file run01.txt (compact mmCIF, C-alpha atoms (C1' of nucleotides))
# COMPACT_ATOMS: atom_id res chain seq x y z
CA MET A 240 62.04 129.68 98.58
CA THR A 241 60.61 128.44 95.31
CA ALA A 242 57.64 129.36 93.19
CA GLN A 243 55.84 126.21 94.30
CA ARG A 244 56.20 127.00 97.95
CA GLU A 245 55.08 130.54 97.44
CA LEU A 246 52.05 129.39 95.53
CA ILE A 247 51.05 126.97 98.22
CA LEU A 248 51.37 129.61 100.88
CA LYS A 249 49.36 131.95 98.69
CA ILE A 250 46.60 129.41 98.51
CA PHE A 251 46.41 129.39 102.27
CA LEU A 252 46.49 133.17 102.41
CA ASP A 253 43.69 133.43 99.87
CA SER A 254 41.41 131.01 101.65
CA GLU A 255 42.13 132.33 105.08
CA ASP A 256 39.96 130.31 107.36
CA GLU A 257 39.95 127.01 105.57
CA HIS A 258 41.48 123.85 106.79
CA MET A 259 42.84 121.94 103.88
CA SER A 260 44.33 118.53 103.49
CA ALA A 261 47.28 118.04 101.16
CA GLU A 262 44.85 116.59 98.66
CA GLU A 263 42.64 119.67 98.81
CA VAL A 264 45.59 121.97 98.38
CA TYR A 265 46.57 120.01 95.33
CA ARG A 266 43.08 120.40 93.89
CA LYS A 267 43.24 124.15 94.46
CA VAL A 268 46.48 124.26 92.55
CA LEU A 269 44.80 122.53 89.63
CA ASN A 270 41.84 124.90 89.83
CA ARG A 271 44.21 127.76 89.25
CA ARG A 272 45.39 125.92 86.16
CA LEU A 273 48.84 125.59 87.59
CA ARG A 274 50.93 122.51 87.85
CA ILE A 275 52.68 121.35 90.93
CA SER A 276 53.17 117.67 91.39
CA LYS A 277 51.23 116.00 94.11
CA ALA A 278 54.45 114.85 95.73
CA THR A 279 55.64 118.42 96.01
CA VAL A 280 52.39 119.47 97.63
CA TYR A 281 52.73 116.75 100.23
CA ARG A 282 56.37 117.60 100.82
CA THR A 283 55.69 121.29 101.00
CA VAL A 284 52.80 121.37 103.45
CA ASP A 285 54.84 119.08 105.64
CA LEU A 286 57.81 121.35 105.42
CA LEU A 287 55.80 124.50 106.01
CA SER A 288 54.40 122.87 109.12
CA ASP A 289 57.83 121.96 110.35
CA VAL A 290 59.05 125.51 110.01
CA GLY A 291 55.93 126.80 111.69
CA LEU A 292 54.10 128.56 108.88
CA LEU A 293 51.33 126.02 108.88
CA ARG A 294 49.83 124.02 111.68
CA ARG A 295 48.62 120.47 111.40
CA ILE A 296 45.14 119.85 112.67
CA VAL A 297 43.27 116.60 112.67
CA PHE A 298 39.58 116.04 113.21
CA ARG A 299 37.86 112.78 113.88
CA ASP A 300 38.09 111.58 110.30
CA GLY A 301 41.83 111.22 110.68
CA VAL A 302 42.63 113.47 107.73
CA ILE A 303 45.58 115.73 108.38
CA ARG A 304 44.60 119.25 107.52
CA TYR A 305 46.69 122.38 107.60
CA GLU A 306 45.94 125.92 108.58
CA LEU A 307 47.90 129.09 108.37
CA VAL A 308 49.71 130.21 111.49
CA SER A 309 49.48 133.97 111.76
CA LYS A 310 52.08 135.73 113.80
CA ASP A 311 49.76 137.68 116.04
CA GLU A 312 47.37 134.86 116.40
CA HIS A 313 45.41 134.27 119.51
CA HIS A 314 45.15 130.66 120.50
CA HIS A 315 41.95 129.48 118.90
CA HIS A 316 40.06 126.24 118.65
CA HIS A 317 37.61 124.47 116.42
CA ILE A 318 34.04 123.38 116.47
CA ILE A 319 33.09 120.76 113.93
CA CYS A 320 29.61 119.87 112.78
CA THR A 321 29.35 116.11 112.79
CA GLU A 322 26.60 116.25 110.20
CA CYS A 323 27.85 118.52 107.44
CA GLY A 324 31.51 118.73 108.35
CA ARG A 325 31.62 122.50 108.56
CA VAL A 326 34.38 123.83 110.74
CA GLU A 327 34.30 127.05 112.67
CA GLU A 328 36.80 128.68 114.89
CA PHE A 329 36.35 130.38 118.17
CA PRO A 330 38.81 132.68 119.76
CA PHE A 331 38.47 131.91 123.44
CA ASP A 332 41.22 130.08 125.05
CA LEU A 333 40.95 130.06 128.83
CA LEU A 334 43.00 126.94 129.15
CA ASP A 335 46.19 128.42 130.51
CA ASP A 336 45.28 127.60 134.07
CA LEU A 337 44.33 124.09 133.18
CA GLU A 338 47.57 123.73 131.27
CA LYS A 339 49.58 124.68 134.33
CA LEU A 340 47.63 122.24 136.42
CA ILE A 341 48.37 119.45 134.00
CA GLU A 342 52.04 120.31 133.87
CA LYS A 343 52.25 120.04 137.61
CA SER A 344 50.32 116.82 137.92
CA THR A 345 51.97 114.96 135.04
CA GLY A 346 55.47 116.37 134.89
CA TYR A 347 55.08 117.13 131.21
CA LYS A 348 56.48 120.23 129.61
CA ILE A 349 53.49 121.28 127.58
CA THR A 350 54.06 123.04 124.29
CA ASP A 351 50.65 123.07 122.71
CA HIS A 352 47.08 122.09 123.20
CA GLN A 353 44.15 121.58 120.93
CA LEU A 354 40.54 121.63 121.87
CA LYS A 355 37.76 120.52 119.60
CA PHE A 356 34.05 120.58 120.07
CA TYR A 357 31.81 118.31 118.06
CA GLY A 358 28.13 118.80 117.59
CA LEU A 359 25.45 119.99 115.25
CA CYS A 360 25.56 123.40 113.68
CA SER A 361 22.35 125.34 113.99
CA GLU A 362 21.25 124.44 110.46
CA CYS A 363 21.79 120.74 110.86
CA ALA A 364 20.20 120.79 114.28
CA LYS A 365 17.14 122.40 112.76
CA LYS A 366 17.06 119.93 109.93
CA LYS A 367 17.27 117.05 112.35
CA SER A 368 14.51 118.26 114.59
CA ASN A 369 12.28 118.75 111.55
CA GLU A 370 12.95 115.22 110.45
CA ALA A 371 12.10 113.98 113.90
CA THR A 372 8.82 115.86 113.80
CA ASP A 373 8.01 114.49 110.36
CA GLU A 374 8.63 111.00 111.60
CA ALA A 375 6.34 111.50 114.54
CA THR A 376 3.61 112.91 112.31
CA LYS A 377 3.94 110.00 109.94
CA LYS A 378 3.62 107.50 112.74
CA ALA A 379 0.64 109.24 114.24
CA THR A 380 -1.12 109.35 110.88
CA LYS A 381 -0.38 105.77 109.99
CA MET B 224 27.54 89.05 118.84
CA THR B 225 30.23 86.85 117.33
CA ALA B 226 33.49 85.37 118.50
CA GLN B 227 35.44 87.94 116.49
CA ARG B 228 33.70 90.89 118.07
CA GLU B 229 34.13 89.46 121.51
CA LEU B 230 37.80 88.90 120.93
CA ILE B 231 38.35 92.43 119.74
CA LEU B 232 36.55 93.81 122.76
CA LYS B 233 38.61 91.53 124.95
CA ILE B 234 41.77 92.94 123.48
CA PHE B 235 40.65 96.38 124.51
CA LEU B 236 39.70 95.18 127.95
CA ASP B 237 43.05 93.50 128.44
CA SER B 238 45.07 96.51 127.42
CA GLU B 239 42.95 98.95 129.29
CA ASP B 240 44.60 102.27 128.76
CA GLU B 241 45.92 101.79 125.29
CA HIS B 242 44.83 103.61 122.25
CA MET B 243 45.02 101.33 119.29
CA SER B 244 44.59 101.80 115.61
CA ALA B 245 42.79 99.12 113.63
CA GLU B 246 46.17 97.99 112.41
CA GLU B 247 47.46 97.59 115.96
CA VAL B 248 44.39 95.67 116.99
CA TYR B 249 44.98 93.37 114.08
CA ARG B 250 48.56 92.80 115.18
CA LYS B 251 47.38 91.96 118.68
CA VAL B 252 45.05 89.40 117.23
CA LEU B 253 47.95 87.79 115.43
CA ASN B 254 50.06 87.87 118.58
CA ARG B 255 47.45 85.77 120.26
CA ARG B 256 47.85 83.33 117.41
CA LEU B 257 44.29 83.87 116.38
CA ARG B 258 43.00 84.65 112.97
CA ILE B 259 40.59 87.40 112.17
CA SER B 260 40.82 88.97 108.79
CA LYS B 261 42.02 92.51 108.61
CA ALA B 262 38.78 93.57 106.97
CA THR B 263 36.82 92.27 109.92
CA VAL B 264 39.00 94.18 112.34
CA TYR B 265 38.41 97.39 110.43
CA ARG B 266 34.70 96.73 110.19
CA THR B 267 34.43 95.75 113.83
CA VAL B 268 36.22 98.67 115.46
CA ASP B 269 34.14 100.93 113.29
CA LEU B 270 30.97 99.20 114.34
CA LEU B 271 31.91 99.13 118.00
CA SER B 272 32.49 102.84 117.80
CA ASP B 273 29.14 103.43 116.19
CA VAL B 274 27.35 101.58 118.93
CA GLY B 275 29.33 103.42 121.55
CA LEU B 276 31.54 100.71 123.00
CA LEU B 277 34.66 102.30 121.59
CA ARG B 278 35.54 105.89 120.99
CA ARG B 279 37.55 107.19 118.06
CA ILE B 280 40.44 109.40 118.97
CA VAL B 281 42.88 111.01 116.63
CA PHE B 282 46.20 112.59 117.48
CA ARG B 283 48.30 114.75 115.26
CA ASP B 284 49.60 111.91 113.16
CA GLY B 285 46.15 111.44 111.67
CA VAL B 286 45.87 107.81 112.67
CA ILE B 287 42.45 106.88 113.94
CA ARG B 288 42.80 105.10 117.25
CA TYR B 289 40.15 103.57 119.44
CA GLU B 290 39.71 103.42 123.15
CA LEU B 291 37.27 101.62 125.35
CA VAL B 292 34.30 103.59 126.60
CA SER B 293 33.57 102.58 130.16
CA LYS B 294 30.09 103.10 131.43
CA ASP B 295 30.94 105.09 134.52
CA GLU B 296 33.62 107.01 132.84
CA HIS B 297 34.43 110.54 133.71
CA HIS B 298 35.21 112.72 130.75
CA HIS B 299 38.94 112.50 130.34
CA HIS B 300 41.50 113.86 127.98
CA HIS B 301 44.92 113.05 126.62
CA ILE B 302 48.40 114.34 126.84
CA ILE B 303 50.77 113.18 124.15
CA CYS B 304 54.54 113.30 124.19
CA THR B 305 55.68 114.69 120.87
CA GLU B 306 59.02 112.98 121.27
CA CYS B 307 58.27 109.38 122.20
CA GLY B 308 54.57 109.23 121.38
CA ARG B 309 53.49 108.09 124.81
CA VAL B 310 49.91 108.92 125.65
CA GLU B 311 48.57 109.57 129.10
CA GLU B 312 45.16 110.41 130.32
CA PHE B 313 44.05 112.91 132.84
CA PRO B 314 40.72 112.94 134.52
CA PHE B 315 39.96 116.64 134.87
CA ASP B 316 37.35 118.05 132.69
CA LEU B 317 36.31 121.51 133.74
CA LEU B 318 35.10 122.37 130.29
CA ASP B 319 31.38 122.34 130.92
CA ASP B 320 31.18 126.07 131.40
CA LEU B 321 33.22 126.70 128.30
CA GLU B 322 30.99 124.33 126.40
CA LYS B 323 27.91 126.28 127.37
CA LEU B 324 29.56 129.50 126.36
CA ILE B 325 30.39 128.08 122.96
CA GLU B 326 26.88 126.78 122.47
CA LYS B 327 25.52 130.23 123.12
CA SER B 328 27.93 132.09 120.92
CA THR B 329 27.86 129.74 117.95
CA GLY B 330 24.39 128.25 117.98
CA TYR B 331 25.81 124.75 117.86
CA LYS B 332 24.32 121.88 119.79
CA ILE B 333 27.48 120.40 121.22
CA THR B 334 27.63 116.68 121.79
CA ASP B 335 31.26 116.06 122.55
CA HIS B 336 34.58 117.70 123.02
CA GLN B 337 38.13 116.53 122.95
CA LEU B 338 41.08 118.23 124.46
CA LYS B 339 44.65 117.27 123.80
CA PHE B 340 47.84 118.57 125.22
CA TYR B 341 51.10 118.09 123.40
CA GLY B 342 54.49 118.39 124.96
CA LEU B 343 57.43 116.52 126.33
CA CYS B 344 57.04 113.89 128.98
CA SER B 345 59.40 114.27 131.90
CA GLU B 346 61.80 111.67 130.55
CA CYS B 347 62.07 113.18 127.12
CA ALA B 348 62.35 116.65 128.58
CA LYS B 349 65.26 115.47 130.71
CA LYS B 350 66.91 113.79 127.75
CA LYS B 351 66.59 116.94 125.69
CA SER B 352 68.03 119.21 128.31
CA ASN B 353 70.98 116.85 128.74
CA GLU B 354 71.61 116.93 125.02
CA ALA B 355 71.52 120.69 125.09
CA THR B 356 74.04 120.75 127.88
CA ASP B 357 76.30 118.34 126.03
CA GLU B 358 76.17 120.53 122.97
CA ALA B 359 77.10 123.58 124.98
CA THR B 360 80.00 121.74 126.60
CA LYS B 361 81.22 120.57 123.23
CA LYS B 362 81.15 124.05 121.81
CA ALA B 363 82.88 125.53 124.79
CA THR B 364 85.64 122.91 124.63
CA LYS B 365 86.16 123.25 120.92
C1' DC C 8 78.78 125.68 90.78
C1' DT C 9 76.69 123.06 94.38
C1' DA C 10 73.08 121.85 96.92
C1' DT C 11 68.48 121.42 97.12
C1' DA C 12 63.69 121.17 95.17
C1' DT C 13 60.71 119.36 91.65
C1' DG C 14 58.31 116.11 88.61
C1' DC C 15 57.15 111.78 87.46
C1' DA C 16 56.08 107.26 88.04
C1' DA C 17 56.40 103.47 90.79
C1' DA C 18 55.99 101.62 95.31
C1' DA C 19 54.28 101.37 99.77
C1' DA C 20 50.93 101.81 103.15
C1' DT C 21 46.35 102.04 104.52
C1' DT C 22 41.55 101.29 104.12
C1' DT C 23 37.37 99.74 101.65
C1' DT C 24 34.66 96.68 98.80
C1' DG C 25 32.51 92.58 96.44
C1' DC C 26 31.38 88.28 96.68
C1' DC C 27 30.99 83.87 98.31
C1' DT C 28 30.78 80.92 102.49
C1' DG C 29 29.66 79.98 107.16
C1' DG C 30 27.49 80.81 111.62
C1' DT C 31 23.91 83.02 114.53
C1' DA C 32 19.48 83.57 116.18
C1' DT D 110 15.94 78.89 107.32
C1' DA D 111 16.89 83.74 106.56
C1' DC D 112 19.91 86.97 107.38
C1' DC D 113 23.91 88.94 108.92
C1' DA D 114 29.02 88.51 109.71
C1' DG D 115 33.47 86.88 108.21
C1' DG D 116 37.26 85.65 105.05
C1' DC D 117 39.77 86.55 101.20
C1' DA D 118 41.58 88.95 97.57
C1' DA D 119 41.12 92.70 94.67
C1' DA D 120 40.42 97.53 94.31
C1' DA D 121 40.58 102.08 95.75
C1' DT D 122 42.69 105.62 98.26
C1' DT D 123 46.25 108.03 100.29
C1' DT D 124 50.98 108.96 101.05
C1' DT D 125 55.94 108.19 100.32
C1' DT D 126 60.11 107.30 97.70
C1' DG D 127 63.84 107.01 94.09
C1' DC D 128 65.89 109.07 90.66
C1' DA D 129 66.82 112.11 86.83
C1' DT D 130 66.37 116.98 85.76
C1' DA D 131 65.79 121.77 86.78
C1' DT D 132 66.44 125.72 89.73
C1' DA D 133 67.84 128.71 93.67
C1' DG D 134 71.36 130.88 95.98
call {"tool": "encode", "arguments": {"input": "run01.txt", "output": "structure tokens"}}
result
Amino acid sequence: MTAQRELILKIFLDSEDEHMSAEEVYRKVLNRRLRISKATVYRTVDLLSDVGLLRRIVFRDGVIRYELVSKDEHHHHHIICTECGRVEEFPFDLLDDLEKLIEKSTGYKITDHQLKFYGLCSECAKKKSNEATDEATKKATK
Amino acid sequence: MTAQRELILKIFLDSEDEHMSAEEVYRKVLNRRLRISKATVYRTVDLLSDVGLLRRIVFRDGVIRYELVSKDEHHHHHIICTECGRVEEFPFDLLDDLEKLIEKSTGYKITDHQLKFYGLCSECAKKKSNEATDEATKKATK
DNA sequence: CTATATGCAAAAATTTTGCCTGGTA
DNA sequence: TACCAGGCAAAATTTTTGCATATAG
């Protein structure tokens, strides 16, 4: 356990519900006016994931992000706004039955599952529908 | 519609249930002794995804892969072996109710969802349990 | 004291871009 | 013909690696 590893964990603890890429973690380190080399950040988040303190999550952009794994954590999933990129979590799981079904039908021994919903958050949905209305008005007036 | 785009679509049609990264598509082009520049492959899979002929899927390694979208397709999901990387599909969805629940509780307008199971395929599971047994035998004999 | 982690810089891998040329409609 | 797509190579981005030095245990 080194100062660098502690600091990186601390960054995750301090920004509880964020999902950060290695790059973003590195930026946060700089923001705190501390110096850890980029290589160490990459190595460390990888290591922390391997030992189970972080979890790798990947959205459609292909960027590997990391989130804190809390001990008492309920299985949770993510909903991502395709417009602004905001990520929220929701605590329902309900997939245990499905998981068992899949195990039976495929012969896999399932260890994990990840569910992601994509869509528009309420703000972006509103914005979009306003734009659509504006367009229509413009056309009608033209 | 150009020869390059057709060829790339053809590659997806010929390898129906594969999930290929741009890089892999490019390699398949070379295997057919044809020449499309790498840039075109990247641009094309991206474009084909935007127009809805391909779908972007991302597993935990963060590599963006693409799969063919068939017109009559039932929503399907993926199960990935964490040992050998094999990917299989399964045709159950069953998430419509959950989706509605999420829409209500978050205010999002959901447009898509992706569910992935991770685990060991039956082969890798067998291999692992054999290894474990071997280890135990070794220890006992020692 | 030994093994392991870090920093740095270079290398590798991956993806995007600019610009000119060629083909499509 | 006008415009859009493709090829190529360079650039940008992201991630990994080698090696010397520093640090933890």
call {"tool": "closest_residue", "arguments": {"input": "run01.txt", "among": "D:DA114, D:DA121, D:DA133, D:DC128", "to": "chain A", "atoms": "all atoms listed in the file"}}
result
D:DA133
call {"tool": "atom_distance", "arguments": {"input": "run01.txt", "atom1": "atom CA of Arg295 of chain A", "atom2": "atom CA of Val264 of chain B"}}
result
28.0 Å
call {"tool": "atom_distance", "arguments": {"input": "run01.txt", "atom1": "atom CA of Val281 of chain B", "atom2": "atom CA of Ala278 of chain A"}}
result
24.2 Å
call {"tool": "interface_residues", "arguments": {"input": "run01.txt", "of": "chain D", "to": "chain B", "cutoff": "12 Å", "atoms": "all atoms listed in the file", "output": "list in words"}}
result
DC113, DA114, DG115, DG116, DC117, DA118, DT123 and DT124 of chain D
call {"tool": "interface_residues", "arguments": {"input": "run01.txt", "of": "chain B", "to": "chain A", "cutoff": "10 Å", "atoms": "all atoms listed in the file", "output": "NGL selection string"}}
result
:B and (279-288 or 300-305 or 311-313 or 315-318 or 321-322 or 324-326 or 328-348)
call {"tool": "closest_residue", "arguments": {"input": "run01.txt", "among": "A:Tyr305, A:Lys343, A:Arg325, A:Lys365", "to": "Leu286 of chain A", "atoms": "all atoms listed in the file"}}
result
A:Tyr305
call {"tool": "atom_distance", "arguments": {"input": "run01.txt", "atom1": "atom CA of Glu229 of chain B", "atom2": "atom CA of Val252 of chain B"}}
result
11.7 Å
call {"tool": "interface_residues", "arguments": {"input": "run01.txt", "of": "chain C", "to": "chain B", "cutoff": "9 Å", "atoms": "all atoms listed in the file", "output": "PyMOL selection string"}}
result
chain C and resi 21-23+30-31
call {"tool": "calpha_fit_and_write", "arguments": {"input": "run01.txt", "fixed": "chain B", "moving": "chain A", "output": "short mmCIF file (atom, residue, chain, number, x, y, z; two decimals) with C-alpha atoms, in the frame of the given file"}}
result
data_model
loop_
_atom_site.label_atom_id
_atom_site.label_comp_id
_atom_site.auth_asym_id
_atom_site.auth_seq_id
_atom_site.Cartn_x
_atom_site.Cartn_y
_atom_site.Cartn_z
CA MET A 240 27.53 89.09 118.59
CA THR A 241 30.24 86.92 117.10
CA ALA A 242 33.44 85.41 118.38
CA GLN A 243 35.45 87.96 116.42
CA ARG A 244 33.69 90.89 117.95
CA GLU A 245 34.04 89.48 121.40
CA LEU A 246 37.72 88.90 120.88
CA ILE A 247 38.29 92.42 119.72
CA LEU A 248 36.47 93.83 122.69
CA LYS A 249 38.48 91.53 124.92
CA ILE A 250 41.66 92.93 123.49
CA PHE A 251 40.56 96.38 124.51
CA LEU A 252 39.53 95.17 127.94
CA ASP A 253 42.88 93.48 128.46
CA SER A 254 44.93 96.49 127.49
CA GLU A 255 42.79 98.96 129.33
CA ASP A 256 44.47 102.26 128.81
CA GLU A 257 45.88 101.79 125.36
CA HIS A 258 44.83 103.61 122.30
CA MET A 259 45.04 101.31 119.37
CA SER A 260 44.63 101.78 115.68
CA ALA A 261 42.86 99.11 113.64
CA GLU A 262 46.27 97.96 112.50
CA GLU A 263 47.49 97.57 116.07
CA VAL A 264 44.40 95.65 117.06
CA TYR A 265 45.02 93.33 114.17
CA ARG A 266 48.59 92.75 115.32
CA LYS A 267 47.35 91.92 118.81
CA VAL A 268 45.03 89.36 117.33
CA LEU A 269 47.96 87.73 115.57
CA ASN A 270 50.02 87.82 118.77
CA ARG A 271 47.38 85.72 120.41
CA ARG A 272 47.79 83.27 117.56
CA LEU A 273 44.25 83.83 116.47
CA ARG A 274 43.00 84.62 113.04
CA ILE A 275 40.64 87.38 112.20
CA SER A 276 40.91 88.95 108.82
CA LYS A 277 42.15 92.47 108.66
CA ALA A 278 38.95 93.55 106.95
CA THR A 279 36.92 92.26 109.86
CA VAL A 280 39.07 94.16 112.32
CA TYR A 281 38.53 97.38 110.41
CA ARG A 282 34.81 96.72 110.11
CA THR A 283 34.49 95.77 113.73
CA VAL A 284 36.26 98.67 115.40
CA ASP A 285 34.21 100.94 113.21
CA LEU A 286 31.04 99.22 114.21
CA LEU A 287 31.92 99.15 117.90
CA SER A 288 32.52 102.88 117.69
CA ASP A 289 29.20 103.46 116.03
CA VAL A 290 27.36 101.62 118.75
CA GLY A 291 29.32 103.46 121.40
CA LEU A 292 31.52 100.75 122.88
CA LEU A 293 34.64 102.32 121.51
CA ARG A 294 35.53 105.92 120.92
CA ARG A 295 37.58 107.20 118.04
CA ILE A 296 40.46 109.42 118.97
CA VAL A 297 42.94 111.01 116.65
CA PHE A 298 46.25 112.61 117.51
CA ARG A 299 48.36 114.77 115.31
CA ASP A 300 49.66 111.90 113.22
CA GLY A 301 46.21 111.44 111.74
CA VAL A 302 45.95 107.79 112.75
CA ILE A 303 42.51 106.87 113.98
CA ARG A 304 42.85 105.11 117.28
CA TYR A 305 40.17 103.57 119.43
CA GLU A 306 39.67 103.41 123.15
CA LEU A 307 37.20 101.64 125.31
CA VAL A 308 34.23 103.62 126.52
CA SER A 309 33.44 102.61 130.08
CA LYS A 310 29.96 103.21 131.33
CA ASP A 311 30.84 105.13 134.45
CA GLU A 312 33.57 107.02 132.78
CA HIS A 313 34.44 110.52 133.71
CA HIS A 314 35.20 112.74 130.78
CA HIS A 315 38.94 112.49 130.37
CA HIS A 316 41.52 113.86 128.00
CA HIS A 317 44.93 113.06 126.64
CA ILE A 318 48.42 114.37 126.86
CA ILE A 319 50.77 113.22 124.15
CA CYS A 320 54.54 113.34 124.21
CA THR A 321 55.68 114.73 120.89
CA GLU A 322 59.02 113.01 121.28
CA CYS A 323 58.28 109.42 122.20
CA GLY A 324 54.59 109.26 121.40
CA ARG A 325 53.52 108.12 124.84
CA VAL A 326 49.95 108.94 125.68
CA GLU A 327 48.60 109.59 129.12
CA GLU A 328 45.18 110.41 130.33
CA PHE A 329 44.06 112.90 132.87
CA PRO A 330 40.74 112.93 134.54
CA PHE A 331 39.98 116.61 134.90
CA ASP A 332 37.37 118.03 132.74
CA LEU A 333 36.33 121.52 133.79
CA LEU A 334 35.11 122.39 130.35
CA ASP A 335 31.39 122.32 130.98
CA ASP A 336 31.20 126.05 131.46
CA LEU A 337 33.21 126.70 128.36
CA GLU A 338 31.00 124.30 126.46
CA LYS A 339 27.90 126.24 127.44
CA LEU A 340 29.55 129.46 126.42
CA ILE A 341 30.37 128.06 123.02
CA GLU A 342 26.87 126.74 122.53
CA LYS A 343 25.47 130.16 123.18
CA SER A 344 27.89 132.04 120.99
CA THR A 345 27.81 129.67 118.01
CA GLY A 346 24.34 128.19 118.08
CA TYR A 347 25.77 124.69 117.95
CA LYS A 348 24.30 121.82 119.88
CA ILE A 349 27.46 120.35 121.31
CA THR A 350 27.63 116.62 121.86
CA ASP A 351 31.27 116.02 122.62
CA HIS A 352 34.58 117.69 123.06
CA GLN A 353 38.14 116.54 122.99
CA LEU A 354 41.09 118.26 124.49
CA LYS A 355 44.66 117.28 123.83
CA PHE A 356 47.86 118.60 125.25
CA TYR A 357 51.12 118.12 123.42
CA GLY A 358 54.51 118.43 124.98
CA LEU A 359 57.46 116.56 126.35
CA CYS A 360 57.07 113.93 129.00
CA SER A 361 59.42 114.32 131.91
CA GLU A 362 61.84 111.71 130.56
CA CYS A 363 62.10 113.23 127.13
CA ALA A 364 62.37 116.70 128.58
CA LYS A 365 65.28 115.52 130.68
CA LYS A 366 66.91 113.84 127.74
CA LYS A 367 66.59 116.98 125.68
CA SER A 368 68.04 119.26 128.28
CA ASN A 369 70.99 116.89 128.68
CA GLU A 370 71.60 116.96 124.98
CA ALA A 371 71.50 120.72 125.03
CA THR A 372 74.06 120.79 127.80
CA ASP A 373 76.30 118.35 125.95
CA GLU A 374 76.15 120.54 122.90
CA ALA A 375 77.11 123.58 124.87
CA THR A 376 80.01 121.75 126.49
CA LYS A 377 81.22 120.54 123.13
CA LYS A 378 81.15 124.02 121.69
CA ALA A 379 82.94 125.51 124.66
CA THR A 380 85.65 122.86 124.48
CA LYS A 381 86.14 123.12 120.76
#
call {"tool": "axis_aligned_box", "arguments": {"input": "run01.txt", "around": "segment 130-134 of chain D", "padding_each_side": "3 Å", "output": "AutoDock Vina command-line options"}}
result
--center_x 68.6 --center_y 123.9 --center_z 90.9 --size_x 11.6 --size_y 19.9 --size_z 16.2
call {"tool": "decode", "arguments": {"input": "run01.txt", "residues": "segment 232-248 of chain B", "atoms": "N, CA and C atoms", "output": "short mmCIF file (atom, residue, chain, number, x, y, z; two decimals), in the first residue's frame"}}
result
data_model
loop_
_atom_site.label_atom_id
_atom_site.label_comp_id
_atom_site.auth_asym_id
_atom_site.auth_seq_id
_atom_site.Cartn_x
_atom_site.Cartn_y
_atom_site.Cartn_z
N LEU B 232 -20.17 -4.48 -45.51
CA LEU B 232 -21.44 -5.11 -45.12
C LEU B 232 -21.40 -6.60 -45.38
N LYS B 233 -20.85 -6.96 -46.52
CA LYS B 233 -20.75 -8.36 -46.90
C LYS B 233 -19.96 -9.15 -45.85
N ILE B 234 -18.91 -8.54 -45.38
CA ILE B 234 -18.11 -9.22 -44.36
C ILE B 234 -18.94 -9.51 -43.12
N PHE B 235 -19.79 -8.57 -42.78
CA PHE B 235 -20.66 -8.82 -41.63
C PHE B 235 -21.70 -9.89 -41.95
N LEU B 236 -22.21 -9.87 -43.17
CA LEU B 236 -23.19 -10.86 -43.55
C LEU B 236 -22.58 -12.26 -43.55
N ASP B 237 -21.34 -12.35 -44.02
CA ASP B 237 -20.70 -13.66 -44.12
C ASP B 237 -20.29 -14.23 -42.77
N SER B 238 -20.06 -13.37 -41.82
CA SER B 238 -19.65 -13.89 -40.51
C SER B 238 -20.72 -13.51 -39.49
N GLU B 239 -21.87 -14.00 -39.80
CA GLU B 239 -23.12 -13.57 -39.16
C GLU B 239 -23.03 -13.22 -37.67
N ASP B 240 -22.60 -14.19 -36.88
CA ASP B 240 -22.74 -13.89 -35.45
C ASP B 240 -21.44 -13.43 -34.80
N GLU B 241 -20.62 -12.76 -35.59
CA GLU B 241 -19.40 -12.26 -34.99
C GLU B 241 -19.54 -10.81 -34.63
N HIS B 242 -18.73 -10.45 -33.70
CA HIS B 242 -18.72 -9.08 -33.21
C HIS B 242 -17.34 -8.54 -33.45
N MET B 243 -17.21 -7.72 -34.44
CA MET B 243 -15.89 -7.30 -34.88
C MET B 243 -15.59 -5.85 -34.60
N SER B 244 -14.37 -5.61 -34.19
CA SER B 244 -13.90 -4.23 -34.07
C SER B 244 -13.51 -3.75 -35.46
N ALA B 245 -13.34 -2.46 -35.60
CA ALA B 245 -12.93 -1.90 -36.88
C ALA B 245 -11.63 -2.56 -37.35
N GLU B 246 -10.74 -2.72 -36.41
CA GLU B 246 -9.47 -3.38 -36.69
C GLU B 246 -9.67 -4.77 -37.28
N GLU B 247 -10.57 -5.53 -36.68
CA GLU B 247 -10.82 -6.90 -37.14
C GLU B 247 -11.47 -6.91 -38.52
N VAL B 248 -12.34 -5.96 -38.75
CA VAL B 248 -12.94 -5.84 -40.07
C VAL B 248 -11.85 -5.58 -41.09
#
